[in-house]
Amino acid sequence: MQKATETVLEIDLNALAQNYRYLTSKLDKDTRVMGVVKAFGYGSDSVAVAKELVILGVSYFAVAYPDEGISLRKASIETSILVLHPLPATFKKITDSCMEPAIYSRSMLTQFIDFAEKSGLTDFPIHLKFNTGLNRLGFIADDIDFIAEKTTATFSVKIKSMFTHLAASEDAAEKDFTESQLGQFKDISEKIINKIGYKPLLHTLNTSGVLNYPEAQYDMVRTGIGLYGFGNDPEENKNLKPVATLKTVISQIHTVKKGETVGYNRAFKASETTKTATLPVGHADGIKRIFGNRKGWVTVHGKKASIIGNVCMDMIMIDVTSIDCDEGDEVIVFGENPSADELSKVINTIPYELITGVSQRVKRVICRK
Ligand SMILES: *Cc1c(COP(=O)(O)O)cnc(C)c1O
């Protein structure tokens, strides 16, 4: 790959392919994969990622909101798309673009059937989401009769799949809880199948579910973070490769004398002569302000350089006193080194938040390394 000459987010489609192969190696041959490409493909480029995933063989995409799926449709992606978080106000957008809603409550089901009947839809695919302990979105066991009655009394919709979402599939200490979620789902889905007389697709696992509970893979898995290179476990991370690398370049180098300060609020004070580099990337690009004052770091020629002073909107300053570097040299903000995983740990967050936080101002560059 070419050296960066400005701030870019490189998206490595070969890393995506490698991650896809690793995750599918954990699954039975005929288990379908739903590629989760919400939030711009976890901050990368949802269209580029989705097109590659089509080639790799995914059966489904998941987005959170309809507009995210419409971007895929505009790019001529015809694969089925599940919208995880519809609202009654977005039903029309969803059906107009041949997307399929997750239905998660009695009121949603009633409203969607009503909408589908008025729109003259028949057998429109819907996906039922069950709450088995996450307590975020979903039907519960008490809703089984209601669901069966409502969906069998109309020709407008057909249950394409039923699913649940695990609350702590990455956490071995929560194994009992996870198993209780899976047990509830098994029970609920069997009862519904009995009542409706056909068998929708069943799915329960996100990435760490695939890695830790492959026995619960059913017909399909919904994987997001793993595709982008993170396994919610340091050991699993070794088998995966970050798809996104945030790179930038040194704009200017300064020699700051003892007693001088750097940046807003004079937050960095030089206790000795310090060589600093200014980079064209700031909190408006996704470098959280909390990374300032030596909490976070970047690498320059593979060497660690701390962020000094406060993170500005469009810039950060780093300490390169002991690094042989010049203006124009490439800087890695995150990728292989430092990884978004290690950086996220120092500010008590998770790589999901860092990678989805790279703002749309940063140019995306697609590559194959
Ligand atoms: C985001 C999401 C996923 C993907 O989870 P990962 O941990 O990124 O694999 C799967 N299912 C649902 C319902 C989601 O909201």
# chains A, B, ... in the order shown; residues from 1 in each chain; ligands from 1
call {"tool": "select_by_dssp", "arguments": {"residues": "region 224-275 of chain A", "states": "strand (DSSP E)", "output": "PyMOL selection string"}}
result
chain A and resi 244-249+252-256+261-262+268-269+274-275
call {"tool": "write_last_selection", "arguments": {"atoms": "all heavy atoms", "output": "CSV table (one decimal), in the first residue's frame"}}
result
chain,number,residue,atom,x,y,z
A,244,ALA,N,-9.8,-2.0,9.0
A,244,ALA,CA,-9.5,-0.5,8.9
A,244,ALA,C,-8.2,-0.1,9.5
A,244,ALA,O,-7.9,-0.5,10.6
A,244,ALA,CB,-10.7,0.2,9.6
A,245,THR,N,-7.5,0.7,8.8
A,245,THR,CA,-6.3,1.4,9.3
A,245,THR,C,-6.5,2.9,9.2
A,245,THR,O,-6.6,3.4,8.0
A,245,THR,CB,-5.0,0.9,8.6
A,245,THR,OG1,-4.9,-0.5,8.7
A,245,THR,CG2,-3.8,1.5,9.2
A,246,LEU,N,-6.4,3.6,10.3
A,246,LEU,CA,-6.5,5.1,10.2
A,246,LEU,C,-5.1,5.6,10.2
A,246,LEU,O,-4.3,5.4,11.1
A,246,LEU,CB,-7.3,5.6,11.4
A,246,LEU,CG,-7.5,7.1,11.5
A,246,LEU,CD1,-8.2,7.6,10.2
A,246,LEU,CD2,-8.2,7.5,12.7
A,247,LYS,N,-4.8,6.2,9.0
A,247,LYS,CA,-3.4,6.7,8.8
A,247,LYS,C,-3.4,8.2,8.6
A,247,LYS,O,-4.4,8.8,8.1
A,247,LYS,CB,-2.9,6.2,7.5
A,247,LYS,CG,-2.5,4.7,7.5
A,247,LYS,CD,-2.0,4.4,6.1
A,247,LYS,CE,-1.3,3.1,6.1
A,247,LYS,NZ,-0.7,2.8,4.8
A,248,THR,N,-2.3,8.9,9.0
A,248,THR,CA,-2.2,10.3,8.7
A,248,THR,C,-0.7,10.6,8.4
A,248,THR,O,0.1,9.7,8.1
A,248,THR,CB,-2.8,11.1,9.8
A,248,THR,OG1,-2.9,12.5,9.4
A,248,THR,CG2,-2.1,11.0,11.1
A,249,VAL,N,-0.4,11.8,8.5
A,249,VAL,CA,1.0,12.2,8.0
A,249,VAL,C,1.4,13.4,8.9
A,249,VAL,O,0.6,14.1,9.5
A,249,VAL,CB,0.8,12.6,6.5
A,249,VAL,CG1,-0.1,13.8,6.3
A,249,VAL,CG2,2.1,12.8,5.8
A,252,GLN,N,3.8,19.2,10.5
A,252,GLN,CA,4.9,20.1,10.9
A,252,GLN,C,5.6,19.6,12.1
A,252,GLN,O,5.0,18.9,12.9
A,252,GLN,CB,4.3,21.5,11.2
A,252,GLN,CG,5.4,22.6,11.3
A,252,GLN,CD,4.8,24.0,11.5
A,252,GLN,OE1,3.6,24.2,11.9
A,252,GLN,NE2,5.6,25.0,11.3
A,253,ILE,N,6.9,19.8,12.2
A,253,ILE,CA,7.7,19.4,13.3
A,253,ILE,C,8.2,20.7,14.0
A,253,ILE,O,8.5,21.7,13.4
A,253,ILE,CB,8.8,18.5,12.9
A,253,ILE,CG1,8.2,17.2,12.5
A,253,ILE,CG2,9.9,18.3,14.0
A,253,ILE,CD1,9.2,16.1,12.2
A,254,HIS,N,8.1,20.7,15.4
A,254,HIS,CA,8.6,21.8,16.2
A,254,HIS,C,9.6,21.3,17.2
A,254,HIS,O,9.5,20.2,17.7
A,254,HIS,CB,7.4,22.4,17.0
A,254,HIS,CG,6.4,23.1,16.2
A,254,HIS,ND1,6.5,24.3,15.6
A,254,HIS,CD2,5.1,22.6,15.8
A,254,HIS,CE1,5.4,24.6,14.9
A,254,HIS,NE2,4.5,23.6,15.0
A,255,THR,N,10.5,22.2,17.5
A,255,THR,CA,11.4,21.9,18.7
A,255,THR,C,10.8,22.9,19.8
A,255,THR,O,10.9,24.1,19.6
A,255,THR,CB,12.8,22.2,18.4
A,255,THR,OG1,13.2,21.4,17.3
A,255,THR,CG2,13.7,21.9,19.5
A,256,VAL,N,10.3,22.3,20.8
A,256,VAL,CA,9.7,23.0,21.9
A,256,VAL,C,10.7,23.1,23.0
A,256,VAL,O,11.1,22.0,23.5
A,256,VAL,CB,8.4,22.4,22.3
A,256,VAL,CG1,7.7,23.2,23.5
A,256,VAL,CG2,7.4,22.3,21.2
A,261,THR,N,4.9,25.7,26.0
A,261,THR,CA,3.7,24.8,26.1
A,261,THR,C,3.2,24.5,24.7
A,261,THR,O,3.6,25.2,23.7
A,261,THR,CB,2.6,25.5,26.9
A,261,THR,OG1,2.2,26.7,26.2
A,261,THR,CG2,3.1,25.9,28.3
A,262,VAL,N,2.4,23.5,24.6
A,262,VAL,CA,1.8,23.0,23.4
A,262,VAL,C,0.3,23.0,23.5
A,262,VAL,O,-0.2,22.3,24.4
A,262,VAL,CB,2.4,21.6,23.0
A,262,VAL,CG1,1.7,21.1,21.7
A,262,VAL,CG2,3.9,21.7,22.7
A,268,PHE,N,0.2,21.0,27.6
A,268,PHE,CA,1.5,20.3,27.7
A,268,PHE,C,2.5,21.4,28.0
A,268,PHE,O,2.6,22.4,27.3
A,268,PHE,CB,1.8,19.6,26.4
A,268,PHE,CG,3.2,19.1,26.3
A,268,PHE,CD1,3.5,17.8,27.0
A,268,PHE,CD2,4.3,19.8,25.7
A,268,PHE,CE1,4.8,17.3,26.9
A,268,PHE,CE2,5.6,19.3,25.7
A,268,PHE,CZ,5.9,18.1,26.3
A,269,LYS,N,3.3,21.1,29.1
A,269,LYS,CA,4.5,22.0,29.4
A,269,LYS,C,5.8,21.2,29.2
A,269,LYS,O,5.9,20.2,29.9
A,269,LYS,CB,4.4,22.5,30.8
A,269,LYS,CG,3.4,23.6,31.0
A,269,LYS,CD,3.6,24.4,32.3
A,269,LYS,CE,2.6,25.6,32.4
A,269,LYS,NZ,1.2,25.2,32.3
A,274,THR,N,11.7,19.3,23.6
A,274,THR,CA,10.9,18.3,23.1
A,274,THR,C,10.6,18.5,21.6
A,274,THR,O,10.3,19.6,21.2
A,274,THR,CB,9.5,18.3,23.8
A,274,THR,OG1,9.8,18.2,25.3
A,274,THR,CG2,8.6,17.1,23.4
A,275,LYS,N,10.8,17.4,20.9
A,275,LYS,CA,10.5,17.5,19.4
A,275,LYS,C,9.0,17.0,19.3
A,275,LYS,O,8.6,15.9,19.7
A,275,LYS,CB,11.4,16.5,18.7
A,275,LYS,CG,11.2,16.5,17.2
A,275,LYS,CD,12.2,15.4,16.6
A,275,LYS,CE,11.9,15.2,15.1
A,275,LYS,NZ,12.7,14.0,14.6
call {"tool": "closest_atom_pairs", "arguments": {"of": "chain A", "to": "ligand 1", "cutoff": "9 Å", "atoms": "only C-alpha atoms and all ligand atoms", "output": "CSV"}}
result
residue,atom,partner,partner_atom_place_in_ligand_line,distance
A:Met34,CA,ligand 1,10 (C),8.6
A:Gly35,CA,ligand 1,4 (C),8.2
A:Val36,CA,ligand 1,4 (C),5.7
A:Val37,CA,ligand 1,1 (C),8.4
A:Lys38,CA,ligand 1,1 (C),7.2
A:Tyr42,CA,ligand 1,8 (O),8.2
A:Ala62,CA,ligand 1,2 (C),7.9
A:Val63,CA,ligand 1,1 (C),8.1
A:Ala64,CA,ligand 1,15 (O),7.0
A:Leu84,CA,ligand 1,13 (C),6.4
A:His85,CA,ligand 1,15 (O),8.3
A:Lys129,CA,ligand 1,13 (C),8.3
A:Phe163,CA,ligand 1,13 (C),8.3
A:Thr164,CA,ligand 1,13 (C),7.2
A:His165,CA,ligand 1,13 (C),5.3
A:Leu166,CA,ligand 1,11 (N),8.2
A:Ser169,CA,ligand 1,7 (O),8.7
A:Glu170,CA,ligand 1,7 (O),8.7
A:Thr204,CA,ligand 1,11 (N),7.8
A:Leu205,CA,ligand 1,10 (C),6.9
A:Asn206,CA,ligand 1,9 (O),4.0
A:Thr207,CA,ligand 1,9 (O),3.6
A:Ser208,CA,ligand 1,7 (O),6.2
A:Gly209,CA,ligand 1,9 (O),7.9
A:Val210,CA,ligand 1,9 (O),8.5
A:Val221,CA,ligand 1,10 (C),8.0
A:Arg222,CA,ligand 1,10 (C),4.8
A:Thr223,CA,ligand 1,9 (O),3.9
A:Gly224,CA,ligand 1,8 (O),3.5
A:Ile225,CA,ligand 1,8 (O),3.7
A:Gly226,CA,ligand 1,9 (O),5.9
A:Leu227,CA,ligand 1,9 (O),7.8
A:Tyr228,CA,ligand 1,8 (O),8.6
A:Phe230,CA,ligand 1,8 (O),8.7
A:Gly231,CA,ligand 1,7 (O),8.3
A:Asn232,CA,ligand 1,7 (O),8.1
A:Tyr352,CA,ligand 1,8 (O),7.6
call {"tool": "atom_distance", "arguments": {"atom1": "CA of Leu201 (chain A)", "atom2": "CA of Arg32 (chain A)"}}
result
9.6 Å
call {"tool": "closest_residue", "arguments": {"among": "A:Lys175, A:Arg73, A:Arg294, A:Lys345", "to": "Ser306 (chain A)", "atoms": "only C-alpha atoms"}}
result
A:Arg294
call {"tool": "atom_distance", "arguments": {"atom1": "CA of Val33 (chain A)", "atom2": "CA of Glu78 (chain A)"}}
result
15.5 Å
call {"tool": "atom_distance", "arguments": {"atom1": "CA of Val362 (chain A)", "atom2": "CA of Asn19 (chain A)"}}
result
23.9 Å
